[in-house]
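run_28.pdb follows (PDB, C-alpha atoms, pLDDT in the B column):
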ATOM      1  CA  MET A 136     205.815 185.251 -39.301  1.00 67.00           C
ATOM      2  CA  ASN A 137     207.622 185.879 -36.022  1.00 83.00           C
ATOM      3  CA  LYS A 138     204.755 185.126 -33.625  1.00 89.00           C
ATOM      4  CA  GLU A 139     206.826 185.841 -30.521  1.00 92.00           C
ATOM      5  CA  ARG A 140     207.698 189.322 -31.807  1.00 90.00           C
ATOM      6  CA  VAL A 141     204.001 190.041 -32.481  1.00 92.00           C
ATOM      7  CA  LYS A 142     203.132 188.891 -28.938  1.00 94.00           C
ATOM      8  CA  GLU A 143     205.853 191.153 -27.470  1.00 94.00           C
ATOM      9  CA  LEU A 144     204.628 194.179 -29.439  1.00 94.00           C
ATOM     10  CA  LEU A 145     201.035 193.483 -28.418  1.00 95.00           C
ATOM     11  CA  GLN A 146     201.924 193.199 -24.729  1.00 95.00           C
ATOM     12  CA  GLU A 147     203.973 196.392 -24.996  1.00 94.00           C
ATOM     13  CA  ALA A 148     200.959 198.240 -26.460  1.00 95.00           C
ATOM     14  CA  LEU A 149     198.562 196.820 -23.853  1.00 95.00           C
ATOM     15  CA  SER A 150     200.889 197.747 -20.986  1.00 95.00           C
ATOM     16  CA  GLU A 151     200.506 201.420 -21.907  1.00 95.00           C
ATOM     17  CA  ASN A 152     196.846 201.301 -20.828  1.00 95.00           C
ATOM     18  CA  GLU A 153     196.195 199.218 -17.683  1.00 93.00           C
ATOM     19  CA  SER A 154     192.432 199.051 -18.349  1.00 94.00           C
ATOM     20  CA  LEU A 155     192.929 197.057 -21.579  1.00 95.00           C
ATOM     21  CA  PHE A 156     193.331 193.302 -21.746  1.00 95.00           C
ATOM     22  CA  LEU A 157     193.762 190.664 -24.436  1.00 96.00           C
ATOM     23  CA  ILE A 158     190.849 188.408 -25.309  1.00 95.00           C
ATOM     24  CA  GLU A 159     192.272 186.588 -28.301  1.00 94.00           C
ATOM     25  CA  LEU A 160     195.320 186.575 -30.570  1.00 95.00           C
ATOM     26  CA  GLU A 161     195.070 184.474 -33.717  1.00 94.00           C
ATOM     27  CA  PHE A 162     197.515 183.802 -36.507  1.00 94.00           C
ATOM     28  CA  LEU A 163     195.331 182.859 -39.469  1.00 92.00           C
ATOM     29  CA  ALA A 164     196.049 181.640 -42.988  1.00 89.00           C
ATOM     30  CA  ASN A 165     197.529 184.062 -45.522  1.00 88.00           C
ATOM     31  CA  SER A 166     199.605 185.805 -42.821  1.00 88.00           C
ATOM     32  CA  LYS A 167     196.581 187.412 -41.201  1.00 93.00           C
ATOM     33  CA  ILE A 168     196.884 188.473 -37.565  1.00 94.00           C
ATOM     34  CA  LYS A 169     193.662 188.994 -35.609  1.00 95.00           C
ATOM     35  CA  VAL A 170     193.756 190.676 -32.201  1.00 96.00           C
ATOM     36  CA  ILE A 171     190.679 191.043 -29.984  1.00 96.00           C
ATOM     37  CA  VAL A 172     191.061 193.373 -26.995  1.00 96.00           C
ATOM     38  CA  ASP A 173     188.618 194.542 -24.357  1.00 95.00           C
ATOM     39  CA  GLY A 174     188.749 197.118 -21.613  1.00 94.00           C
ATOM     40  CA  ASP A 175     187.381 197.464 -18.124  1.00 92.00           C
ATOM     41  CA  GLU A 176     185.404 200.463 -19.349  1.00 89.00           C
ATOM     42  CA  GLY A 177     185.228 199.736 -23.066  1.00 89.00           C
ATOM     43  CA  VAL A 178     187.803 200.349 -25.783  1.00 93.00           C
ATOM     44  CA  PRO A 179     187.845 203.590 -27.768  1.00 94.00           C
ATOM     45  CA  LEU A 180     188.678 203.339 -31.458  1.00 95.00           C
ATOM     46  CA  SER A 181     191.820 205.380 -30.831  1.00 95.00           C
ATOM     47  CA  GLU A 182     193.184 202.555 -28.641  1.00 95.00           C
ATOM     48  CA  CYS A 183     192.612 199.958 -31.388  1.00 96.00           C
ATOM     49  CA  VAL A 184     194.470 202.255 -33.801  1.00 96.00           C
ATOM     50  CA  ARG A 185     197.322 202.763 -31.305  1.00 96.00           C
ATOM     51  CA  ILE A 186     197.724 199.011 -30.730  1.00 96.00           C
ATOM     52  CA  SER A 187     197.594 198.335 -34.460  1.00 95.00           C
ATOM     53  CA  ARG A 188     200.244 200.952 -35.195  1.00 94.00           C
ATOM     54  CA  ASN A 189     202.505 199.676 -32.433  1.00 94.00           C
ATOM     55  CA  ILE A 190     202.514 196.231 -34.016  1.00 92.00           C
ATOM     56  CA  GLU A 191     202.533 197.319 -37.665  1.00 91.00           C
ATOM     57  CA  HIS A 192     205.270 199.937 -37.386  1.00 90.00           C
ATOM     58  CA  ASN A 193     207.620 197.541 -35.624  1.00 90.00           C
ATOM     59  CA  LEU A 194     207.365 194.680 -38.100  1.00 86.00           C
ATOM     60  CA  ASP A 195     209.191 194.697 -41.411  1.00 81.00           C
ATOM     61  CA  ARG A 196     206.807 194.393 -44.377  1.00 76.00           C
ATOM     62  CA  GLU A 197     209.843 193.789 -46.601  1.00 77.00           C
ATOM     63  CA  GLU A 198     210.505 190.616 -44.641  1.00 79.00           C
ATOM     64  CA  GLU A 199     206.929 189.337 -44.578  1.00 78.00           C
ATOM     65  CA  ASP A 200     203.641 190.641 -45.902  1.00 85.00           C
ATOM     66  CA  PHE A 201     200.778 190.430 -43.400  1.00 89.00           C
ATOM     67  CA  SER A 202     197.376 191.871 -42.637  1.00 92.00           C
ATOM     68  CA  LEU A 203     196.471 192.989 -39.140  1.00 93.00           C
ATOM     69  CA  GLU A 204     193.050 193.390 -37.560  1.00 95.00           C
ATOM     70  CA  VAL A 205     192.698 194.880 -34.080  1.00 96.00           C
ATOM     71  CA  THR A 206     189.127 194.808 -32.837  1.00 95.00           C
ATOM     72  CA  THR A 207     186.909 194.483 -29.773  1.00 94.00           C
ATOM     73  CA  PRO A 208     184.585 191.548 -29.056  1.00 92.00           C
ATOM     74  CA  ASP A 209     181.255 191.853 -30.824  1.00 87.00           C
ATOM     75  CA  ILE A 210     177.865 191.431 -29.225  1.00 82.00           C
ATOM     76  CA  ALA A 211     177.708 187.696 -30.020  1.00 85.00           C
ATOM     77  CA  HIS A 212     181.212 186.950 -28.710  1.00 89.00           C
ATOM     78  CA  PRO A 213     181.132 184.827 -25.536  1.00 94.00           C
ATOM     79  CA  LEU A 214     182.903 185.972 -22.385  1.00 95.00           C
ATOM     80  CA  LEU A 215     186.337 184.323 -22.323  1.00 92.00           C
ATOM     81  CA  VAL A 216     188.341 186.216 -19.693  1.00 92.00           C
ATOM     82  CA  LYS A 217     187.517 186.689 -15.990  1.00 93.00           C
ATOM     83  CA  ARG A 218     187.894 190.472 -16.340  1.00 93.00           C
ATOM     84  CA  GLN A 219     185.009 190.432 -18.823  1.00 94.00           C
ATOM     85  CA  TYR A 220     182.716 189.031 -16.131  1.00 96.00           C
ATOM     86  CA  LYS A 221     183.696 191.809 -13.718  1.00 94.00           C
ATOM     87  CA  LYS A 222     182.846 194.516 -16.229  1.00 92.00           C
ATOM     88  CA  ASN A 223     179.420 192.923 -16.808  1.00 94.00           C
ATOM     89  CA  ILE A 224     178.188 192.845 -13.196  1.00 95.00           C
ATOM     90  CA  ASN A 225     174.468 193.763 -13.036  1.00 95.00           C
ATOM     91  CA  ARG A 226     173.894 192.644 -16.630  1.00 95.00           C
ATOM     92  CA  ILE A 227     171.867 189.624 -17.697  1.00 96.00           C
ATOM     93  CA  LEU A 228     173.965 186.641 -18.793  1.00 96.00           C
ATOM     94  CA  LYS A 229     173.031 183.452 -20.604  1.00 96.00           C
ATOM     95  CA  VAL A 230     175.324 180.779 -19.181  1.00 97.00           C
ATOM     96  CA  LYS A 231     175.622 177.202 -20.405  1.00 96.00           C
ATOM     97  CA  THR A 232     177.202 174.376 -18.471  1.00 96.00           C
ATOM     98  CA  GLU A 233     177.615 170.774 -19.606  1.00 94.00           C
ATOM     99  CA  THR A 234     174.093 169.871 -18.468  1.00 95.00           C
ATOM    100  CA  GLU A 235     172.141 173.083 -17.789  1.00 95.00           C
ATOM    101  CA  GLU A 236     171.449 176.583 -19.041  1.00 96.00           C
ATOM    102  CA  PHE A 237     170.872 179.631 -16.834  1.00 96.00           C
ATOM    103  CA  GLU A 238     169.768 183.176 -17.534  1.00 96.00           C
ATOM    104  CA  GLY A 239     170.093 185.684 -14.759  1.00 97.00           C
ATOM    105  CA  THR A 240     171.626 188.899 -13.522  1.00 97.00           C
ATOM    106  CA  LEU A 241     175.325 188.616 -12.771  1.00 97.00           C
ATOM    107  CA  THR A 242     175.608 189.852  -9.178  1.00 97.00           C
ATOM    108  CA  ASN A 243     178.988 188.653  -7.972  1.00 97.00           C
ATOM    109  CA  VAL A 244     182.348 187.712  -9.471  1.00 96.00           C
ATOM    110  CA  THR A 245     185.309 186.188  -7.639  1.00 96.00           C
ATOM    111  CA  ASP A 246     188.528 184.578  -8.860  1.00 94.00           C
ATOM    112  CA  GLU A 247     186.860 181.142  -8.831  1.00 96.00           C
ATOM    113  CA  GLU A 248     183.152 181.664  -9.535  1.00 96.00           C
ATOM    114  CA  ILE A 249     180.231 183.850 -10.589  1.00 97.00           C
ATOM    115  CA  THR A 250     176.783 184.285  -9.045  1.00 97.00           C
ATOM    116  CA  LEU A 251     173.545 184.719 -10.992  1.00 97.00           C
ATOM    117  CA  HIS A 252     170.148 185.872  -9.634  1.00 97.00           C
ATOM    118  CA  TRP A 253     166.771 185.582 -11.355  1.00 96.00           C
ATOM    119  CA  LYS A 254     163.061 185.328 -10.568  1.00 95.00           C
ATOM    120  CA  VAL A 255     160.741 182.564 -11.738  1.00 93.00           C
ATOM    121  CA  ARG A 256     157.033 181.820 -11.366  1.00 93.00           C
ATOM    122  CA  GLU A 257     156.409 178.431  -9.745  1.00 91.00           C
ATOM    123  CA  PRO A 258     153.317 176.594  -8.522  1.00 90.00           C
ATOM    124  CA  LYS A 259     152.528 177.287  -4.880  1.00 90.00           C
ATOM    125  CA  PRO A 260     153.508 174.437  -2.549  1.00 88.00           C
ATOM    126  CA  ILE A 261     149.990 174.473  -1.088  1.00 87.00           C
ATOM    127  CA  GLY A 262     146.888 175.512  -2.963  1.00 86.00           C
ATOM    128  CA  LYS A 263     146.299 176.725  -6.481  1.00 89.00           C
ATOM    129  CA  GLY A 264     148.153 179.359  -8.454  1.00 90.00           C
ATOM    130  CA  LYS A 265     151.744 180.457  -8.759  1.00 92.00           C
ATOM    131  CA  HIS A 266     154.090 182.633  -6.801  1.00 90.00           C
ATOM    132  CA  THR A 267     157.369 184.358  -7.672  1.00 92.00           C
ATOM    133  CA  VAL A 268     160.517 182.716  -6.348  1.00 93.00           C
ATOM    134  CA  GLU A 269     163.986 184.224  -6.376  1.00 95.00           C
ATOM    135  CA  LYS A 270     166.713 181.844  -7.521  1.00 95.00           C
ATOM    136  CA  VAL A 271     170.479 182.078  -7.014  1.00 96.00           C
ATOM    137  CA  LYS A 272     173.117 179.973  -8.729  1.00 96.00           C
ATOM    138  CA  THR A 273     176.866 180.047  -8.156  1.00 96.00           C
ATOM    139  CA  LEU A 274     178.968 178.591 -10.950  1.00 97.00           C
ATOM    140  CA  LEU A 275     182.668 177.796 -11.060  1.00 96.00           C
ATOM    141  CA  TYR A 276     184.473 179.152 -14.139  1.00 96.00           C
ATOM    142  CA  GLU A 277     185.629 175.630 -14.980  1.00 95.00           C
ATOM    143  CA  ASP A 278     181.975 174.477 -15.225  1.00 96.00           C
ATOM    144  CA  ILE A 279     180.991 177.248 -17.655  1.00 96.00           C
ATOM    145  CA  LYS A 280     180.972 176.102 -21.289  1.00 96.00           C
ATOM    146  CA  SER A 281     179.813 179.487 -22.643  1.00 96.00           C
ATOM    147  CA  ALA A 282     178.530 182.771 -21.265  1.00 96.00           C
ATOM    148  CA  LYS A 283     177.076 185.665 -23.259  1.00 96.00           C
ATOM    149  CA  VAL A 284     175.648 189.005 -22.288  1.00 94.00           C
ATOM    150  CA  LYS A 285     171.955 189.203 -23.159  1.00 92.00           C
ATOM    151  CA  ILE A 286     171.158 192.384 -25.019  1.00 86.00           C
ATOM    152  CA  ILE A 287     167.760 193.891 -24.291  1.00 82.00           C
ATOM    153  CA  PHE A 288     166.304 196.451 -26.674  1.00 81.00           C
TER     154      PHE A 288
END
Any chance you could give the structure as structure tokens?
Amino acid sequence: MNKERVKELLQEALSENESLFLIELEFLANSKIKVIVDGDEGVPLSECVRISRNIEHNLDREEEDFSLEVTTPDIAHPLLVKRQYKKNINRILKVKTETEEFEGTLTNVTDEEITLHWKVREPKPIGKGKHTVEKVKTLLYEDIKSAKVKIIF
């Protein structure tokens, strides 16, 4: 399997639509190629078909038999690319670091870090009872072990 040729064809297909970006490209056993793409505003099925055809039609099946899967990240797939964070601003994320876990609304994304906001009930500093406190946490991408969008039904 000419992996470089597959990468070239994939980049060529992605360059035709600036809102699309690559999440993952895997070359699996049995000559299976798996491509996961995302878009700043989602990915229509027609774009997955177009990318698939661009790769498939430019590789010679006489030379090597392969299977190709072009898909989008599913609901359980963690965020892997910075552009995915940007498209999920104002959504609730579950973020794990080496030592802690946070769940909050993604409010800001920069090239180096993300910012989460959430509210928590804590005991009052003086007296009985609890009060609501707003928390903010800024995390560097390099400290994030996994981040997933929390789906609320």
Residue nearest Leu241 in chain A - candidates A:Cys183, A:Ala282, A:Val268, A:Val178, atoms counted: only C-alpha atoms: A:Ala282
Which residue of A:His212, A:Lys259, A:Lys265, A:Lys270 approaches Val284 in chain A most closely, using all atoms listed in the file: A:His212
Nearest-residue call for Lys285 in chain A, choices A:Ile224, A:Leu251, A:Leu203, A:Ala211, using all atoms listed in the file: A:Ala211
Range 179-215 of chain A near range 156-162 of chain A within 9 Å: what's each residue's closest atom pair and its distance in Å to one decimal, counting all atoms listed in the file, ordered by chain then ascending residue number, as a Markdown table?
| residue | atom | partner | partner_atom | distance |
| --- | --- | --- | --- | --- |
| A:Thr207 | CA | A:Ile158 | CA | 8.5 |
| A:Pro208 | CA | A:Ile158 | CA | 7.9 |
| A:Leu214 | CA | A:Ile158 | CA | 8.8 |
| A:Leu215 | CA | A:Ile158 | CA | 6.8 |
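Omitting range 229-237 of chain A and its sequence neighbours fewer than 3 positions away, and counting all atoms listed in the file, the residues within 6 Å are Asp278, Ile279, Lys280, Ser281, Ala282 and Lys283 of chain A.
Residue nearest Ile190 in chain A within the list A:Ile287, A:Glu257, A:Lys217, A:Arg140: A:Arg140 [criterion: smallest interatomic distance, all atoms listed in the file].
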Output check: residues returned by the PyMOL selection byres ((chain A and resi 243) around 10), as a ChimeraX atom specification: /A:220-221,223-225,240-242,244-245,248-252,273
Nearby residues (all atoms listed in the file) at most 9 Å from Glu176 in chain A, same-chain spacing under 4 positions excluded, as JSON, numbers by chain: {"A": [154, 155, 222]}
Separation of CA of Ser166 in chain A from CA of Ser202 in chain A in Å: 6.5 Å
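If you count all atoms listed in the file and ignore residues fewer than 2 places along the chain from Asn137 in chain A, what sits within 10 Å of it is Glu139, Arg140, Val141, Lys142, Leu194 and Glu199 of chain A.
Interatomic distance, CA of Glu238 in chain A to CA of Gly262 in chain A: 28.2 Å.
For the residues A:Leu144, A:Arg256, A:Glu153, A:Val216, ranking by smallest atom-to-atom distance to His192 in chain A using only C-alpha atoms places A:Leu144 first.
Of note, CA of Arg226 in chain A and CA of Tyr276 in chain A are spaced 17.3 Å apart.
Using all atoms listed in the file for every distance, the candidate list A:Asp200, A:Glu147, A:Asp246, A:Asp209 yields A:Glu147 as the residue closest to Ser187 in chain A.
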Which centre and edge lengths in Å to one decimal define the box along x, y and z that fits every listed atom of range 161-176 of chain A plus 4 Å per side, as lines of an AutoDock Vina configuration file?
center_x = 192.5
center_y = 191.1
center_z = -31.8
size_x = 22.2
size_y = 26.8
size_z = 35.4
